[in-house]
Amino acid sequence: MLDLRLYMLQRITALVMAPLVLGHIAVMIYAVQGGLTAEEILGRTQGSVFWFLFYGSFVVAVSIHAAIGLRVILHETFGLTGLALRGVTWGIAALLLAMGGQAVIAVTWSGAA
Amino acid sequence: MNGSDAMLEVSVWRGTTSGGAYQDFEVPAYENQTILDVVSWIQHYADASLTYRFACRVGMCGSCAMMVNDQPRWTCRTHVKKVLKGRKLKVAPLRNLPVIKDLAADMDPFFDKWVAAGGAHQPSASRTEPIPPVDPQDPIRVEASAGIECINCSICYAACDTVAGNSDYLGPAALQRAWTLLNDAKHDAKDKILDAVSGSGGCHNCHSMGSCTAFCPNDLDPMSAIAGLKRATTRRFLRGGR
Amino acid sequence: MRPARAHPLWLAFVLHRVSGIALALFLPLHFWVLSLALTRPETLNQFLSFAEQPVVKLAEFGLVFLLAVHAFGGLRLMALEWLPWSVPQKTLAAGAVGVAVLISGTFFLQVV
Ligand code: SF4
Ligand code: SF4
Ligand code: FES
């Protein structure tokens, strides 16, 4: 169910995310010290072009990556094929992209900007 | 386990893909005994209608593979002592293939995929031309040589969970054959191989779980051969060659 | 029929698959909570204080662990596929898990 094109997409998004994941983990370790508040998180991220691009590209990459990954499992484990498989793959990608996009906008766009 | 006072309890699959059941046999245990000996004993002395396949009995032909205690094995070279659980043995036809009858799996899909992966040899020169020299030390030739001892027993194919989940997947043996030909100086049509292994059943489905390599009775390494194909196709992709 | 699967590479495969599924299921929840910042900041704060409970902390540790496992497992996979090495991959598989434990351990120590 993975041809060369999907394989390359999966690997390229993985490579894009490798540094982002490390950055995200580092931010988490730093951020959770002394508890989390909405103000603290938003104060750091809102109105920042850097965090917008950081988490924006993260969301795009993870939507594609997760959709392809789940596609493989849906086929191998649940026997989904053809149109249903394609539909679900696109659906997952679209859902994650929409929800992730909203989250990125909420956290980096509004407020201080 | 000496003489024939000790007995083995052997469950043998009887039936076809469309249905069947395990049948139990008591088989005398011997000091030196292979799984194929056990199956043959049943056919000779207990039930002549038992169907199974073998030819060389020395690990050359690749026709005797079966599931033994749920693991794929070449039965002519698997000693009973090595796999016995208590006194019990379970013998079944190879996994991931249709069953013709009893222990004889239908190898057609296995060989069809072997061809579909580009496995038929296409000479790069005709008989009137000089034979291209082959240097055994050449690194590319070393890659090809690593896979040529395949006896097409389908044990790797039976061990692979990706084949189990994705019936289009070409599988380890066919892909290893493709990698071998790709590195063979005497083979033409290399682009055709890369095309053949890049489709929806191609090498990119492999999850590198290594069951093929772990079970190959000839100690071959299909997983690394498939990694070679992934490398070659990735390189061609990045060069814009599709 | 299940052939023996208890070899390191197969376990690495399963770990990668299970962590991937878990992360994919967690993502929508994660996104939804963050979106609250825009729509209902009070709810987000309520949620964050709820996240101070030890049980939730433990779940967080699990998530960071999964993320690290999946990331390093993926790097291992790409190294295995694209770099022509064969036997050291087992060592790599073990190393990936080791580093993952280390990183998530650090995180755990920080929060407790
Ligand atoms: S390494 Fe690839 S071919 Fe070998 S058992 Fe795993 S998925 Fe199958
Ligand atoms: S690679 Fe090994 S296990 Fe697979 S068919 Fe060839 S000899 Fe048999
Ligand atoms: S009978 Fe030929 S390999 Fe076993």
# chains A, B, ... in the order shown; residues from 1 in each chain; ligands from 1
>>> interface_residues(of="chain A", to="chain B", cutoff="7 Å", atoms="only C-alpha atoms", output="list in words")
Met1, Leu2, Asp3, Leu4, Tyr7, Glu76 and Thr77 of chain A
>>> write_last_selection(atoms="N, CA and C atoms", output="mmCIF file, in the first residue's frame")
data_model
loop_
_atom_site.group_PDB
_atom_site.id
_atom_site.type_symbol
_atom_site.label_atom_id
_atom_site.label_comp_id
_atom_site.auth_asym_id
_atom_site.auth_seq_id
_atom_site.Cartn_x
_atom_site.Cartn_y
_atom_site.Cartn_z
ATOM 1 N N MET A 1 0.809 -1.210 0.000
ATOM 2 C CA MET A 1 0.000 0.000 0.000
ATOM 3 C C MET A 1 0.846 1.265 0.000
ATOM 4 N N LEU A 2 2.149 1.112 0.182
ATOM 5 C CA LEU A 2 3.035 2.263 0.112
ATOM 6 C C LEU A 2 3.831 2.187 -1.169
ATOM 7 N N ASP A 3 3.586 3.093 -2.091
ATOM 8 C CA ASP A 3 4.468 3.146 -3.247
ATOM 9 C C ASP A 3 5.592 4.131 -2.940
ATOM 10 N N LEU A 4 6.474 4.305 -3.898
ATOM 11 C CA LEU A 4 7.650 5.152 -3.666
ATOM 12 C C LEU A 4 7.248 6.562 -3.239
ATOM 13 N N TYR A 7 6.104 6.668 0.343
ATOM 14 C CA TYR A 7 7.281 6.363 1.160
ATOM 15 C C TYR A 7 8.154 7.602 1.323
ATOM 16 N N GLU A 76 -3.034 -3.032 6.639
ATOM 17 C CA GLU A 76 -2.428 -4.298 7.056
ATOM 18 C C GLU A 76 -3.232 -4.995 8.137
ATOM 19 N N THR A 77 -3.811 -4.218 9.053
ATOM 20 C CA THR A 77 -4.492 -4.850 10.182
ATOM 21 C C THR A 77 -5.993 -4.959 9.969
#
>>> residues_around(residues="range 124-126 of chain B", least_positions_apart="5", cutoff="12 Å", atoms="only C-alpha atoms", output="PyMOL selection string")
chain B and resi 131-133+181-182+184-190
>>> residues_around(residues="Met66 in chain B", least_positions_apart="3", cutoff="7 Å", atoms="only C-alpha atoms", output="MDAnalysis selection string")
chainID B and resid 72:75 91:94 103
>>> residues_near_ligand(ligand="ligand 1", cutoff="7 Å", atoms="only C-alpha atoms and all ligand atoms", output="PyMOL selection string")
chain B and resi 156+159-163+171-172+206-213+222-223
>>> residues_around(residues="Cys153 in chain B", least_positions_apart="6", cutoff="8 Å", atoms="only C-alpha atoms", output="list in words")
Cys61, Gly62, Ser63, Cys64, Ala65 and Trp74 of chain B
>>> write_last_selection(atoms="C-alpha atoms", output="PDB file, in the first residue's frame")
ATOM      1  CA  CYS B  61      15.918 -27.772  -3.533  1.00  0.00           C
ATOM      2  CA  GLY B  62      13.766 -25.673  -1.236  1.00  0.00           C
ATOM      3  CA  SER B  63      10.637 -27.771  -1.595  1.00  0.00           C
ATOM      4  CA  CYS B  64      10.143 -29.163   1.915  1.00  0.00           C
ATOM      5  CA  ALA B  65       9.406 -26.046   3.974  1.00  0.00           C
ATOM      6  CA  TRP B  74      13.151 -26.512   6.086  1.00  0.00           C
TER       7      TRP B  74
END
>>> interface_residues(of="chain C", to="chain A", cutoff="7 Å", atoms="only C-alpha atoms", output="PyMOL selection string")
chain C and resi 24+28+31-32+34-35+37-38+41+44-45+48+71+107+110-111
>>> write_last_selection(atoms="all heavy atoms", output="short mmCIF file (atom, residue, chain, number, x, y, z; two decimals), in the first residue's frame")
data_model
loop_
_atom_site.label_atom_id
_atom_site.label_comp_id
_atom_site.auth_asym_id
_atom_site.auth_seq_id
_atom_site.Cartn_x
_atom_site.Cartn_y
_atom_site.Cartn_z
N ALA C 24 -0.80 9.34 17.40
CA ALA C 24 -1.80 9.81 16.45
C ALA C 24 -3.15 10.00 17.14
O ALA C 24 -3.89 10.94 16.83
CB ALA C 24 -1.94 8.82 15.30
N PRO C 28 -5.29 14.84 18.25
CA PRO C 28 -6.49 15.66 18.20
C PRO C 28 -6.82 16.27 19.56
O PRO C 28 -7.18 17.45 19.65
CB PRO C 28 -7.58 14.65 17.78
CG PRO C 28 -6.85 13.57 17.07
CD PRO C 28 -5.52 13.48 17.74
N PHE C 31 -4.43 19.15 20.25
CA PHE C 31 -4.78 20.32 19.45
C PHE C 31 -6.01 21.02 20.02
O PHE C 31 -6.09 22.24 20.09
CB PHE C 31 -5.05 19.92 17.99
CG PHE C 31 -3.81 19.51 17.24
CD1 PHE C 31 -3.89 18.65 16.16
CD2 PHE C 31 -2.56 19.99 17.62
CE1 PHE C 31 -2.75 18.29 15.45
CE2 PHE C 31 -1.42 19.63 16.92
CZ PHE C 31 -1.52 18.77 15.84
N TRP C 32 -6.97 20.20 20.43
CA TRP C 32 -8.22 20.76 20.94
C TRP C 32 -7.98 21.59 22.19
O TRP C 32 -8.46 22.71 22.34
CB TRP C 32 -9.21 19.62 21.21
CG TRP C 32 -10.48 20.08 21.85
CD1 TRP C 32 -11.48 20.78 21.25
CD2 TRP C 32 -10.86 19.92 23.21
NE1 TRP C 32 -12.47 21.06 22.15
CE2 TRP C 32 -12.12 20.55 23.36
CE3 TRP C 32 -10.27 19.31 24.32
CZ2 TRP C 32 -12.80 20.57 24.58
CZ3 TRP C 32 -10.94 19.32 25.53
CH2 TRP C 32 -12.19 19.95 25.65
N LEU C 34 -5.25 23.06 23.14
CA LEU C 34 -4.53 24.28 22.83
C LEU C 34 -5.44 25.32 22.18
O LEU C 34 -5.27 26.53 22.41
CB LEU C 34 -3.33 23.99 21.93
CG LEU C 34 -2.18 23.27 22.64
CD1 LEU C 34 -1.12 22.85 21.64
CD2 LEU C 34 -1.58 24.16 23.71
N SER C 35 -6.40 24.84 21.40
CA SER C 35 -7.31 25.78 20.75
C SER C 35 -8.13 26.54 21.77
O SER C 35 -8.64 27.63 21.50
CB SER C 35 -8.26 25.03 19.80
OG SER C 35 -7.51 24.23 18.93
N ALA C 37 -7.13 28.12 24.12
CA ALA C 37 -6.47 29.39 24.42
C ALA C 37 -7.18 30.52 23.70
O ALA C 37 -7.28 31.63 24.21
CB ALA C 37 -5.00 29.31 23.99
N LEU C 38 -7.69 30.23 22.53
CA LEU C 38 -8.33 31.26 21.72
C LEU C 38 -9.76 31.48 22.17
O LEU C 38 -10.20 32.61 22.36
CB LEU C 38 -8.32 30.80 20.26
CG LEU C 38 -8.66 31.89 19.23
CD1 LEU C 38 -7.62 32.98 19.29
CD2 LEU C 38 -8.69 31.27 17.84
N PRO C 41 -10.05 30.84 27.44
CA PRO C 41 -8.80 30.77 28.21
C PRO C 41 -9.00 30.19 29.61
O PRO C 41 -8.13 29.49 30.12
CB PRO C 41 -8.35 32.22 28.29
CG PRO C 41 -9.09 32.94 27.22
CD PRO C 41 -10.35 32.20 26.96
N LEU C 44 -8.87 26.50 29.57
CA LEU C 44 -7.50 26.02 29.38
C LEU C 44 -6.78 26.00 30.71
O LEU C 44 -6.11 25.02 31.06
CB LEU C 44 -6.75 26.90 28.37
CG LEU C 44 -5.29 26.53 28.14
CD1 LEU C 44 -5.17 25.09 27.63
CD2 LEU C 44 -4.63 27.48 27.16
N ASN C 45 -6.95 27.07 31.50
CA ASN C 45 -6.28 27.11 32.80
C ASN C 45 -6.80 26.05 33.74
O ASN C 45 -6.04 25.41 34.46
CB ASN C 45 -6.44 28.50 33.43
CG ASN C 45 -5.14 29.27 33.30
OD1 ASN C 45 -4.08 28.67 33.15
ND2 ASN C 45 -5.23 30.59 33.33
N LEU C 48 -5.13 23.00 32.69
CA LEU C 48 -3.72 22.94 33.07
C LEU C 48 -3.55 22.64 34.56
O LEU C 48 -2.62 21.95 34.95
CB LEU C 48 -3.03 24.25 32.70
CG LEU C 48 -2.83 24.45 31.20
CD1 LEU C 48 -2.26 25.83 30.92
CD2 LEU C 48 -1.93 23.38 30.62
N ALA C 71 10.46 8.94 17.73
CA ALA C 71 11.42 9.76 17.00
C ALA C 71 12.74 9.01 16.80
O ALA C 71 13.28 8.93 15.69
CB ALA C 71 11.65 11.07 17.73
N PHE C 107 12.95 14.37 31.85
CA PHE C 107 11.69 15.11 31.93
C PHE C 107 10.96 14.76 33.22
O PHE C 107 10.49 15.62 33.95
CB PHE C 107 10.84 14.76 30.71
CG PHE C 107 9.48 15.39 30.73
CD1 PHE C 107 9.33 16.73 30.39
CD2 PHE C 107 8.36 14.64 31.06
CE1 PHE C 107 8.09 17.31 30.41
CE2 PHE C 107 7.12 15.24 31.07
CZ PHE C 107 6.98 16.57 30.75
N GLN C 110 12.43 16.29 36.23
CA GLN C 110 12.19 17.73 36.28
C GLN C 110 10.82 18.05 36.86
O GLN C 110 10.67 19.00 37.59
CB GLN C 110 12.26 18.33 34.86
CG GLN C 110 13.62 18.21 34.21
CD GLN C 110 14.53 19.37 34.62
OE1 GLN C 110 14.13 20.21 35.41
NE2 GLN C 110 15.75 19.36 34.11
N VAL C 111 9.83 17.24 36.48
CA VAL C 111 8.47 17.60 36.88
C VAL C 111 8.14 17.13 38.28
O VAL C 111 7.31 17.73 38.95
CB VAL C 111 7.40 17.02 35.90
CG1 VAL C 111 7.51 17.73 34.57
CG2 VAL C 111 7.53 15.53 35.77
#
>>> residues_near_ligand(ligand="ligand 2", cutoff="7 Å", atoms="only C-alpha atoms and all ligand atoms", output="short mmCIF file (atom, residue, chain, number, x, y, z; two decimals) with all heavy atoms, in the first residue's frame")
data_model
loop_
_atom_site.label_atom_id
_atom_site.label_comp_id
_atom_site.auth_asym_id
_atom_site.auth_seq_id
_atom_site.Cartn_x
_atom_site.Cartn_y
_atom_site.Cartn_z
N GLY B 62 14.72 -26.64 -1.76
CA GLY B 62 13.77 -25.67 -1.24
C GLY B 62 12.32 -26.09 -1.32
O GLY B 62 11.43 -25.25 -1.29
N GLU B 149 22.49 -17.49 -3.10
CA GLU B 149 22.32 -18.84 -2.56
C GLU B 149 20.87 -19.13 -2.18
O GLU B 149 20.58 -20.14 -1.53
CB GLU B 149 23.22 -19.06 -1.34
CG GLU B 149 24.72 -19.00 -1.64
CD GLU B 149 25.18 -20.13 -2.55
OE1 GLU B 149 24.49 -21.16 -2.61
OE2 GLU B 149 26.22 -19.96 -3.22
N CYS B 150 19.96 -18.26 -2.56
CA CYS B 150 18.55 -18.47 -2.23
C CYS B 150 18.04 -19.74 -2.90
O CYS B 150 18.24 -19.96 -4.09
CB CYS B 150 17.72 -17.27 -2.69
SG CYS B 150 15.95 -17.49 -2.46
N ILE B 151 17.37 -20.60 -2.12
CA ILE B 151 16.84 -21.84 -2.68
C ILE B 151 15.32 -21.76 -2.90
O ILE B 151 14.66 -22.77 -3.15
CB ILE B 151 17.17 -23.06 -1.79
CG1 ILE B 151 16.59 -22.86 -0.38
CG2 ILE B 151 18.67 -23.30 -1.74
CD1 ILE B 151 16.70 -24.09 0.51
N ASN B 152 14.76 -20.53 -2.76
CA ASN B 152 13.33 -20.34 -3.02
C ASN B 152 12.44 -21.26 -2.19
O ASN B 152 11.47 -21.81 -2.69
CB ASN B 152 13.03 -20.52 -4.51
CG ASN B 152 13.62 -19.39 -5.31
OD1 ASN B 152 13.33 -18.24 -5.06
ND2 ASN B 152 14.48 -19.73 -6.25
N CYS B 153 12.78 -21.35 -0.93
CA CYS B 153 12.00 -22.23 -0.06
C CYS B 153 10.75 -21.54 0.48
O CYS B 153 9.87 -22.18 1.04
CB CYS B 153 12.86 -22.71 1.10
SG CYS B 153 13.46 -21.36 2.13
N SER B 154 10.72 -20.18 0.39
CA SER B 154 9.58 -19.40 0.85
C SER B 154 9.46 -19.33 2.38
O SER B 154 8.41 -18.94 2.90
CB SER B 154 8.27 -19.92 0.25
OG SER B 154 7.25 -18.96 0.37
N ILE B 155 10.51 -19.70 3.07
CA ILE B 155 10.47 -19.61 4.53
C ILE B 155 10.39 -18.16 4.98
O ILE B 155 9.61 -17.79 5.86
CB ILE B 155 11.68 -20.34 5.15
CG1 ILE B 155 11.45 -21.85 5.06
CG2 ILE B 155 11.92 -19.91 6.59
CD1 ILE B 155 12.62 -22.69 5.52
N CYS B 156 11.19 -17.30 4.31
CA CYS B 156 11.15 -15.87 4.65
C CYS B 156 9.77 -15.30 4.37
O CYS B 156 9.25 -14.49 5.13
CB CYS B 156 12.21 -15.11 3.86
SG CYS B 156 12.12 -15.38 2.07
N TYR B 157 9.19 -15.73 3.28
CA TYR B 157 7.85 -15.26 2.87
C TYR B 157 6.81 -15.66 3.92
O TYR B 157 5.90 -14.90 4.24
CB TYR B 157 7.52 -15.86 1.51
CG TYR B 157 6.30 -15.31 0.81
CD1 TYR B 157 6.36 -14.14 0.07
CD2 TYR B 157 5.09 -16.00 0.86
CE1 TYR B 157 5.25 -13.65 -0.60
CE2 TYR B 157 3.97 -15.52 0.19
CZ TYR B 157 4.06 -14.34 -0.54
OH TYR B 157 2.95 -13.87 -1.20
N PRO B 172 10.04 -10.84 0.81
CA PRO B 172 11.50 -10.78 0.93
C PRO B 172 12.28 -11.51 -0.17
O PRO B 172 13.27 -10.97 -0.67
CB PRO B 172 11.78 -11.39 2.31
CG PRO B 172 10.52 -12.02 2.75
CD PRO B 172 9.40 -11.36 2.03
N ALA B 173 11.86 -12.70 -0.54
CA ALA B 173 12.67 -13.47 -1.50
C ALA B 173 12.67 -12.81 -2.87
O ALA B 173 13.72 -12.66 -3.52
CB ALA B 173 12.14 -14.90 -1.60
N CYS B 212 12.40 -12.19 8.12
CA CYS B 212 12.93 -12.91 6.96
C CYS B 212 14.38 -13.33 7.23
O CYS B 212 14.74 -14.50 7.06
CB CYS B 212 12.85 -12.04 5.71
SG CYS B 212 13.50 -10.37 5.91
N PHE B 215 14.82 -16.01 9.93
CA PHE B 215 14.40 -17.39 9.66
C PHE B 215 15.04 -18.03 8.44
O PHE B 215 14.94 -19.25 8.27
CB PHE B 215 12.87 -17.45 9.51
CG PHE B 215 12.15 -17.46 10.82
CD1 PHE B 215 11.70 -16.29 11.40
CD2 PHE B 215 11.95 -18.65 11.50
CE1 PHE B 215 11.06 -16.30 12.63
CE2 PHE B 215 11.32 -18.67 12.73
CZ PHE B 215 10.87 -17.49 13.29
N CYS B 216 15.68 -17.25 7.57
CA CYS B 216 16.25 -17.85 6.36
C CYS B 216 17.21 -18.99 6.73
O CYS B 216 18.17 -18.77 7.45
CB CYS B 216 17.00 -16.82 5.53
SG CYS B 216 17.85 -17.59 4.12
N PRO B 217 16.95 -20.20 6.26
CA PRO B 217 17.78 -21.33 6.66
C PRO B 217 19.18 -21.26 6.06
O PRO B 217 20.09 -21.93 6.55
CB PRO B 217 17.01 -22.54 6.11
CG PRO B 217 16.19 -22.00 4.99
CD PRO B 217 15.85 -20.59 5.35
N ASN B 218 19.35 -20.46 5.02
CA ASN B 218 20.67 -20.33 4.41
C ASN B 218 21.44 -19.13 4.93
O ASN B 218 22.44 -18.72 4.33
CB ASN B 218 20.54 -20.23 2.88
CG ASN B 218 20.50 -21.61 2.25
OD1 ASN B 218 20.95 -22.58 2.87
ND2 ASN B 218 19.99 -21.68 1.04
N ASP B 219 20.96 -18.54 6.01
CA ASP B 219 21.61 -17.36 6.58
C ASP B 219 21.74 -16.21 5.60
O ASP B 219 22.71 -15.45 5.65
CB ASP B 219 22.99 -17.71 7.16
CG ASP B 219 22.87 -18.55 8.42
OD1 ASP B 219 21.82 -18.45 9.08
OD2 ASP B 219 23.81 -19.30 8.72
N LEU B 220 20.77 -16.09 4.69
CA LEU B 220 20.78 -14.92 3.82
C LEU B 220 20.11 -13.76 4.56
O LEU B 220 19.52 -13.94 5.63
CB LEU B 220 20.04 -15.22 2.51
CG LEU B 220 20.54 -16.42 1.72
CD1 LEU B 220 19.84 -16.51 0.38
CD2 LEU B 220 22.06 -16.34 1.54
N ASP B 221 20.19 -12.58 3.98
CA ASP B 221 19.72 -11.38 4.66
C ASP B 221 18.82 -10.54 3.75
O ASP B 221 19.20 -9.46 3.30
CB ASP B 221 20.95 -10.56 5.11
CG ASP B 221 20.59 -9.38 6.00
OD1 ASP B 221 19.39 -9.19 6.28
OD2 ASP B 221 21.51 -8.64 6.39
N PRO B 222 17.61 -11.04 3.46
CA PRO B 222 16.70 -10.29 2.57
C PRO B 222 16.42 -8.88 3.09
O PRO B 222 16.29 -7.96 2.30
CB PRO B 222 15.42 -11.14 2.57
CG PRO B 222 15.83 -12.49 3.01
CD PRO B 222 17.00 -12.31 3.92
#
>>> atom_distance(atom1="CA of Arg76 in chain C", atom2="CA of Leu9 in chain C")
10.7 Å
>>> closest_residue(among="B:Cys56, B:Val134, B:Val115, B:Ala232", to="chain C", atoms="only C-alpha atoms")
B:Ala232
>>> closest_residue(among="B:Thr78, B:Gln71, B:Gln33, B:Gln23", to="ligand 3", atoms="only C-alpha atoms and all ligand atoms")
B:Thr78
>>> closest_residue(among="B:Ala158, B:Leu84, B:Val39, B:Ala174", to="chain C", atoms="only C-alpha atoms")
B:Ala158
>>> atom_distance(atom1="atom 3 (S, counted along the ligand's line) of ligand 3", atom2="CA of Phe110 in chain B")
16.3 Å
>>> select_by_dssp(residues="range 2-242 of chain B", states="strand (DSSP E or B)", output="ChimeraX atom specification")
/B:7-16,19-28,34,65-68,71-74,79,85,88-92,99-101,104-105,123,187
>>> residues_around(residues="Arg57 in chain B", least_positions_apart="3", cutoff="8 Å", atoms="only C-alpha atoms", output="JSON, numbers by chain")
{"B": [54, 60, 76, 77]}
>>> closest_residue(among="B:Val83, B:Leu175, B:Val10, B:Ala55", to="ligand 3", atoms="only C-alpha atoms and all ligand atoms")
B:Ala55
